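**Student:** Pasting a structure below so you can have a look.
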Amino acid sequence: MNIKDLTTLVESRQEQIVSDMVAMSSIPAINPQNNGTGEYERCQWILGVLKEHHVSFEVIEVADDQVQEGQRLNIIAKIPGTENKAKTLWFIAHTDTVSPGDLKAWHTDPFKPEIKDGRIYGLGVEDNGQGIISILHTCLVMQEQGIRAKCNIGFIFAADEETGSDFGLKELIRRKVFSAEDEAIVPDAGSPDGTFIEIAEKSIAWLKFTVMGKQTHGSMPHLGINAGSVGAHLAVELEDTLKELYADHDELFDPPYSTFELTQKFSNVESPNIIPGEDVFVMDMRVLPKFKLAELADHINKTIARYEYREKVRIRYEFLQKVDAPVPTAQDALVVQNLKAALAERSIQAYCGGIGGGTCAAMLRAENIPAVVWSTINELAHQPNEYTEIKNIMQDTLVFLTTISKYC
């Protein structure tokens with residue numbers, strides 16, 4: 001089908017696409033590590049749509065005692081190719097969301113999607129609801145219209161992306177879902193005008209530090225060891241020194257430097273006149289690929305040893321997430337060139353770059369599978385009043401179908 005026919009076809013589905021977006025986003029899917037119930041019910045909705053349209057699928061269950069069902073679900077739908085059945089072009093979206101955060105900061109109910117001025121407001125509608133609905137309708141159009149590519153076209157609705165993908169894509173990789181010839185498009189980042197194609201990501205480290213001192217009365221600090229004060233000084237020193245030591249720039253990325261930020265700060269004592277005996281905080285680090293996380297850990301260990309000796313405290317840390325950045329997807333990879341060509345048909349001149357956020361694409365790159373991240377979004381993930389623009393869902397669906405046409 002040419003671009004004009006595809007455009008007409010996708011536009012005719014707008015009412016159903018919007019209806020599906022609202023219906024799916026009304027089903028909570030907060031990751032259990034964010035105090036939610038998981039994606040199970042949302043996956044049941046997706047499975048219902050696939051069954052209704054007679055799309056073949058496979059469900060890969062991953063045991064998890066954090067959720068009531070005891071299983072996290074990963075859905076795989078695949079439309080066979082006409083020639084090369086050893087290769088699959090994958091479209092991958094994740095079904096879990098983060099929590100809404102401060103409900104007072106929301107102007108609408110995050111669990112009741114609201115349509116207003118061409119937008120759909122609600123928790124997770126952009127991250128990653130837009131991706132789910134756009135690839136779901138790409139699949140449905142292929143099924144309904146009998147569109148077939150030379151290679152297989154696969155659609156994955158993956159669990160657990162928000163907290164590391166142990167119950168999602170990592171498990172699919174372990175179970176050999178992907179082959180050496182595969183490529184992937186992940187609609188989980190992008191730009192408002194659709195010009196940005198992500199081909200690289202920074203290394204990610206989330207470190208949780210625990211400083212252990214000795215609790216005492218606020219009027220007699222000499223009888224204790226103030227873990228809160230030590231923790232504050234340690235956090236600031238680590239943030240400042242890491243930013244100075246790893247200040248190199250790489251213009252492929254935005255921002256073009258490594259970032260080291262103090263994020264979570266846990267409650268220590270419940271009274272203003274108690275010297276805290278324990279202090280816990282988290283740092284979020286996004287590091288340019290030229291630096292290895294082991295190198296950073298060496299600096300952190302030396303700093304901790306100095307604090308322990310000087311302040312008479314004990315300090316431990318753990319990695320809540322640790323991902324060394326893989327080699328970027330090559331700009332001349334077929335999936336990059338075909339996506340660029342599809343965008344050019346809509347008069348969008350795309351360029352390639354890198355991001356600090358983590359997506360499923362990094363795990364695929366680590367397996368030598370060319371993967372790109374692209375969608376038309378306003379980057380509202382994890383923010384109050386998150387919304388997706390209806391026109392963006394429509395454009396993404398059309399671009400995915402146009403890209404698939406390049407494989408026909």
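Ligands are numbered from 1 in the order shown, residues from 1 within each chain, and chains are lettered A, B, ... in the order they appear in the structure tokens.
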For segment 260-269 of chain A, find every residue with an atom within 10 Å (counting only C-alpha atoms), except residues of its own chain fewer than 2 positions away, and show them as a ChimeraX atom specification.

**Tutor:** /A:205-210,215,227-228,232,235-236,238-243,246,257-258,271-287

**Student:** Wanna dump the segment 169-197 of chain A-segment 359-376 of chain A contacts at 8 Å for me, each residue with its shortest atom pair and the distance in Å to one decimal, counting only C-alpha atoms, ordered by chain and number, as JSON lines?

**Tutor:**
{"residue": "A:Leu169", "atom": "CA", "partner": "A:Cys360", "partner_atom": "CA", "distance": 6.9}
{"residue": "A:Lys170", "atom": "CA", "partner": "A:Met363", "partner_atom": "CA", "distance": 7.3}
{"residue": "A:Ala180", "atom": "CA", "partner": "A:Ile369", "partner_atom": "CA", "distance": 6.7}
{"residue": "A:Glu181", "atom": "CA", "partner": "A:Ile369", "partner_atom": "CA", "distance": 7.4}
{"residue": "A:Asp182", "atom": "CA", "partner": "A:Ile369", "partner_atom": "CA", "distance": 6.1}
{"residue": "A:Glu183", "atom": "CA", "partner": "A:Pro370", "partner_atom": "CA", "distance": 5.1}
{"residue": "A:Ala184", "atom": "CA", "partner": "A:Ala371", "partner_atom": "CA", "distance": 4.6}
{"residue": "A:Ile185", "atom": "CA", "partner": "A:Val372", "partner_atom": "CA", "distance": 5.1}
{"residue": "A:Val186", "atom": "CA", "partner": "A:Val373", "partner_atom": "CA", "distance": 4.6}
{"residue": "A:Pro187", "atom": "CA", "partner": "A:Trp374", "partner_atom": "CA", "distance": 5.0}
{"residue": "A:Asp188", "atom": "CA", "partner": "A:Val373", "partner_atom": "CA", "distance": 6.2}
{"residue": "A:Ala189", "atom": "CA", "partner": "A:Trp374", "partner_atom": "CA", "distance": 5.7}
{"residue": "A:Gly190", "atom": "CA", "partner": "A:Ser375", "partner_atom": "CA", "distance": 4.9}
{"residue": "A:Ser191", "atom": "CA", "partner": "A:Thr376", "partner_atom": "CA", "distance": 5.4}
{"residue": "A:Pro192", "atom": "CA", "partner": "A:Thr376", "partner_atom": "CA", "distance": 5.3}
{"residue": "A:Asp193", "atom": "CA", "partner": "A:Thr376", "partner_atom": "CA", "distance": 6.2}
{"residue": "A:Gly194", "atom": "CA", "partner": "A:Thr376", "partner_atom": "CA", "distance": 4.6}
{"residue": "A:Phe196", "atom": "CA", "partner": "A:Trp374", "partner_atom": "CA", "distance": 6.9}
{"residue": "A:Ile197", "atom": "CA", "partner": "A:Trp374", "partner_atom": "CA", "distance": 5.2}

**Student:** Output the selection as a PDB file, in the first residue's frame - N, CA and C atoms for each residue.

**Tutor:**
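To be explicit, this is the file written out as out_27.pdb:
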ATOM      1  N   LEU A 169      11.804  -8.226  29.291  1.00  0.00           N
ATOM      2  CA  LEU A 169      12.669  -8.457  28.150  1.00  0.00           C
ATOM      3  C   LEU A 169      13.906  -9.275  28.495  1.00  0.00           C
ATOM      4  N   LYS A 170      14.467  -9.092  29.676  1.00  0.00           N
ATOM      5  CA  LYS A 170      15.628  -9.898  30.044  1.00  0.00           C
ATOM      6  C   LYS A 170      15.293 -11.386  30.016  1.00  0.00           C
ATOM      7  N   ALA A 180      19.757 -13.923  15.629  1.00  0.00           N
ATOM      8  CA  ALA A 180      20.878 -13.060  15.239  1.00  0.00           C
ATOM      9  C   ALA A 180      20.518 -12.095  14.117  1.00  0.00           C
ATOM     10  N   GLU A 181      19.536 -12.427  13.297  1.00  0.00           N
ATOM     11  CA  GLU A 181      19.166 -11.574  12.165  1.00  0.00           C
ATOM     12  C   GLU A 181      18.143 -10.496  12.526  1.00  0.00           C
ATOM     13  N   ASP A 182      17.610 -10.541  13.728  1.00  0.00           N
ATOM     14  CA  ASP A 182      16.501  -9.664  14.096  1.00  0.00           C
ATOM     15  C   ASP A 182      16.911  -8.189  14.185  1.00  0.00           C
ATOM     16  N   GLU A 183      15.889  -7.331  14.092  1.00  0.00           N
ATOM     17  CA  GLU A 183      16.010  -5.898  14.336  1.00  0.00           C
ATOM     18  C   GLU A 183      14.819  -5.482  15.195  1.00  0.00           C
ATOM     19  N   ALA A 184      14.876  -4.267  15.746  1.00  0.00           N
ATOM     20  CA  ALA A 184      13.779  -3.854  16.632  1.00  0.00           C
ATOM     21  C   ALA A 184      13.567  -2.353  16.611  1.00  0.00           C
ATOM     22  N   ILE A 185      12.292  -1.987  16.785  1.00  0.00           N
ATOM     23  CA  ILE A 185      11.884  -0.599  16.988  1.00  0.00           C
ATOM     24  C   ILE A 185      11.148  -0.528  18.319  1.00  0.00           C
ATOM     25  N   VAL A 186      11.592   0.380  19.196  1.00  0.00           N
ATOM     26  CA  VAL A 186      11.028   0.506  20.532  1.00  0.00           C
ATOM     27  C   VAL A 186      10.431   1.909  20.682  1.00  0.00           C
ATOM     28  N   PRO A 187       9.112   2.051  20.695  1.00  0.00           N
ATOM     29  CA  PRO A 187       8.487   3.378  20.817  1.00  0.00           C
ATOM     30  C   PRO A 187       8.401   3.843  22.268  1.00  0.00           C
ATOM     31  N   ASP A 188       9.565   4.169  22.849  1.00  0.00           N
ATOM     32  CA  ASP A 188       9.592   4.513  24.271  1.00  0.00           C
ATOM     33  C   ASP A 188      10.375   5.799  24.544  1.00  0.00           C
ATOM     34  N   ALA A 189      10.714   6.531  23.502  1.00  0.00           N
ATOM     35  CA  ALA A 189      11.342   7.852  23.620  1.00  0.00           C
ATOM     36  C   ALA A 189      11.250   8.483  22.246  1.00  0.00           C
ATOM     37  N   GLY A 190      11.603   9.749  22.156  1.00  0.00           N
ATOM     38  CA  GLY A 190      11.517  10.403  20.859  1.00  0.00           C
ATOM     39  C   GLY A 190      11.528  11.906  21.003  1.00  0.00           C
ATOM     40  N   SER A 191      10.765  12.574  20.156  1.00  0.00           N
ATOM     41  CA  SER A 191      10.713  14.037  20.152  1.00  0.00           C
ATOM     42  C   SER A 191       9.336  14.486  19.685  1.00  0.00           C
ATOM     43  N   PRO A 192       8.943  15.718  19.991  1.00  0.00           N
ATOM     44  CA  PRO A 192       7.607  16.191  19.600  1.00  0.00           C
ATOM     45  C   PRO A 192       7.387  16.247  18.095  1.00  0.00           C
ATOM     46  N   ASP A 193       8.459  16.448  17.335  1.00  0.00           N
ATOM     47  CA  ASP A 193       8.295  16.540  15.882  1.00  0.00           C
ATOM     48  C   ASP A 193       8.659  15.253  15.153  1.00  0.00           C
ATOM     49  N   GLY A 194       9.034  14.222  15.891  1.00  0.00           N
ATOM     50  CA  GLY A 194       9.326  12.929  15.276  1.00  0.00           C
ATOM     51  C   GLY A 194      10.657  12.848  14.557  1.00  0.00           C
ATOM     52  N   PHE A 196      13.733  12.705  15.946  1.00  0.00           N
ATOM     53  CA  PHE A 196      14.829  12.090  16.703  1.00  0.00           C
ATOM     54  C   PHE A 196      14.721  10.568  16.729  1.00  0.00           C
ATOM     55  N   ILE A 197      15.774   9.889  16.275  1.00  0.00           N
ATOM     56  CA  ILE A 197      15.878   8.429  16.351  1.00  0.00           C
ATOM     57  C   ILE A 197      16.987   8.099  17.335  1.00  0.00           C
TER      58      ILE A 197
END

**Student:** From the options A:Ala149, A:Leu140, A:Ile315, A:Ser99, which residue's atoms come nearest to Glu52 of chain A, counting only C-alpha atoms?

**Tutor:**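 Closest to Glu52 of chain A, using only C-alpha atoms: A:Leu140.
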
**Student:** Can you list, as a PyMOL selection string, every protein, DNA or RNA residue that comes within 10 Å of Thr7 of chain A when you count only C-alpha atoms, leaving out same-chain residues fewer than 2 positions away?

**Tutor:** chain A and resi 1-5+9-12+394-395+397-399+401-402

**Student:** Those residues with all heavy atoms, as a short mmCIF file (atom, residue, chain, number, x, y, z; two decimals), in the first residue's frame please?

**Tutor:**
data_model
loop_
_atom_site.label_atom_id
_atom_site.label_comp_id
_atom_site.auth_asym_id
_atom_site.auth_seq_id
_atom_site.Cartn_x
_atom_site.Cartn_y
_atom_site.Cartn_z
N MET A 1 0.85 -1.19 0.00
CA MET A 1 0.00 0.00 0.00
C MET A 1 0.89 1.24 0.00
O MET A 1 1.92 1.29 0.68
CB MET A 1 -0.91 0.03 1.23
CG MET A 1 -1.82 -1.19 1.35
SD MET A 1 -2.89 -1.14 2.80
CE MET A 1 -4.06 0.10 2.29
N ASN A 2 0.52 2.27 -0.77
CA ASN A 2 1.30 3.50 -0.79
C ASN A 2 0.95 4.37 0.42
O ASN A 2 0.00 4.09 1.17
CB ASN A 2 1.08 4.26 -2.11
CG ASN A 2 -0.38 4.62 -2.34
OD1 ASN A 2 -1.08 5.01 -1.41
ND2 ASN A 2 -0.86 4.47 -3.57
N ILE A 3 1.70 5.45 0.59
CA ILE A 3 1.54 6.29 1.77
C ILE A 3 0.15 6.91 1.83
O ILE A 3 -0.44 7.05 2.91
CB ILE A 3 2.63 7.39 1.81
CG1 ILE A 3 2.56 8.18 3.13
CG2 ILE A 3 2.53 8.31 0.62
CD1 ILE A 3 2.89 7.39 4.35
N LYS A 4 -0.43 7.25 0.68
CA LYS A 4 -1.77 7.84 0.67
C LYS A 4 -2.80 6.85 1.16
O LYS A 4 -3.67 7.18 2.00
CB LYS A 4 -2.12 8.32 -0.74
CG LYS A 4 -3.48 8.99 -0.84
CD LYS A 4 -3.76 9.47 -2.26
CE LYS A 4 -5.13 10.13 -2.35
NZ LYS A 4 -5.42 10.60 -3.75
N ASP A 5 -2.74 5.61 0.67
CA ASP A 5 -3.70 4.59 1.10
C ASP A 5 -3.53 4.27 2.58
O ASP A 5 -4.51 4.08 3.31
CB ASP A 5 -3.52 3.33 0.27
CG ASP A 5 -3.96 3.52 -1.18
OD1 ASP A 5 -4.75 4.46 -1.43
OD2 ASP A 5 -3.51 2.75 -2.06
N LEU A 9 -6.26 4.74 5.58
CA LEU A 9 -6.61 3.57 6.39
C LEU A 9 -6.44 3.87 7.88
O LEU A 9 -7.33 3.58 8.70
CB LEU A 9 -5.74 2.38 5.98
CG LEU A 9 -5.98 1.06 6.71
CD1 LEU A 9 -7.40 0.59 6.53
CD2 LEU A 9 -4.99 0.01 6.22
N VAL A 10 -5.31 4.47 8.25
CA VAL A 10 -5.06 4.77 9.66
C VAL A 10 -6.03 5.82 10.17
O VAL A 10 -6.56 5.72 11.27
CB VAL A 10 -3.59 5.20 9.86
CG1 VAL A 10 -3.38 5.71 11.29
CG2 VAL A 10 -2.64 4.05 9.56
N GLU A 11 -6.27 6.85 9.37
CA GLU A 11 -7.20 7.91 9.80
C GLU A 11 -8.60 7.37 10.05
O GLU A 11 -9.31 7.85 10.93
CB GLU A 11 -7.23 9.02 8.75
CG GLU A 11 -5.96 9.87 8.73
CD GLU A 11 -5.99 10.94 7.65
OE1 GLU A 11 -6.90 10.88 6.78
OE2 GLU A 11 -5.12 11.82 7.66
N SER A 12 -8.99 6.36 9.29
CA SER A 12 -10.33 5.78 9.47
C SER A 12 -10.46 5.03 10.79
O SER A 12 -11.57 4.74 11.24
CB SER A 12 -10.65 4.82 8.31
OG SER A 12 -9.87 3.63 8.41
N MET A 394 -1.62 8.54 16.10
CA MET A 394 -1.96 8.28 14.70
C MET A 394 -0.70 8.29 13.83
O MET A 394 -0.51 7.39 13.00
CB MET A 394 -2.94 9.35 14.21
CG MET A 394 -4.21 9.49 15.04
SD MET A 394 -5.17 7.97 15.11
CE MET A 394 -5.67 7.84 13.40
N GLN A 395 0.16 9.29 14.04
CA GLN A 395 1.38 9.36 13.23
C GLN A 395 2.28 8.15 13.47
O GLN A 395 2.82 7.58 12.53
CB GLN A 395 2.17 10.64 13.53
CG GLN A 395 3.57 10.63 12.89
CD GLN A 395 4.13 11.99 12.67
OE1 GLN A 395 3.70 12.71 11.76
NE2 GLN A 395 5.12 12.37 13.49
N THR A 397 1.51 5.13 14.39
CA THR A 397 0.93 3.95 13.75
C THR A 397 1.21 3.98 12.25
O THR A 397 1.61 2.96 11.65
CB THR A 397 -0.58 3.88 14.00
OG1 THR A 397 -0.84 3.97 15.40
CG2 THR A 397 -1.18 2.59 13.46
N LEU A 398 1.03 5.12 11.64
CA LEU A 398 1.26 5.25 10.20
C LEU A 398 2.74 5.05 9.86
O LEU A 398 3.07 4.36 8.89
CB LEU A 398 0.80 6.62 9.72
CG LEU A 398 1.05 6.95 8.24
CD1 LEU A 398 0.36 5.92 7.34
CD2 LEU A 398 0.55 8.35 7.91
N VAL A 399 3.63 5.62 10.66
CA VAL A 399 5.07 5.48 10.40
C VAL A 399 5.51 4.02 10.55
O VAL A 399 6.31 3.52 9.75
CB VAL A 399 5.89 6.40 11.33
CG1 VAL A 399 7.39 6.07 11.26
CG2 VAL A 399 5.65 7.86 10.96
N LEU A 401 3.67 1.34 10.01
CA LEU A 401 3.18 0.62 8.83
C LEU A 401 4.01 0.97 7.59
O LEU A 401 4.31 0.10 6.76
CB LEU A 401 1.71 0.94 8.59
CG LEU A 401 0.73 0.27 9.57
CD1 LEU A 401 -0.62 0.94 9.51
CD2 LEU A 401 0.62 -1.22 9.28
N THR A 402 4.39 2.23 7.48
CA THR A 402 5.20 2.65 6.34
C THR A 402 6.58 2.00 6.40
O THR A 402 7.15 1.59 5.39
CB THR A 402 5.33 4.18 6.29
OG1 THR A 402 4.04 4.77 6.37
CG2 THR A 402 6.01 4.64 5.01
#

**Student:** Atom CA of Ala344 of chain A to atom CA of Gly118 of chain A: how many Å, to one decimal?

**Tutor:** 24.7 Å
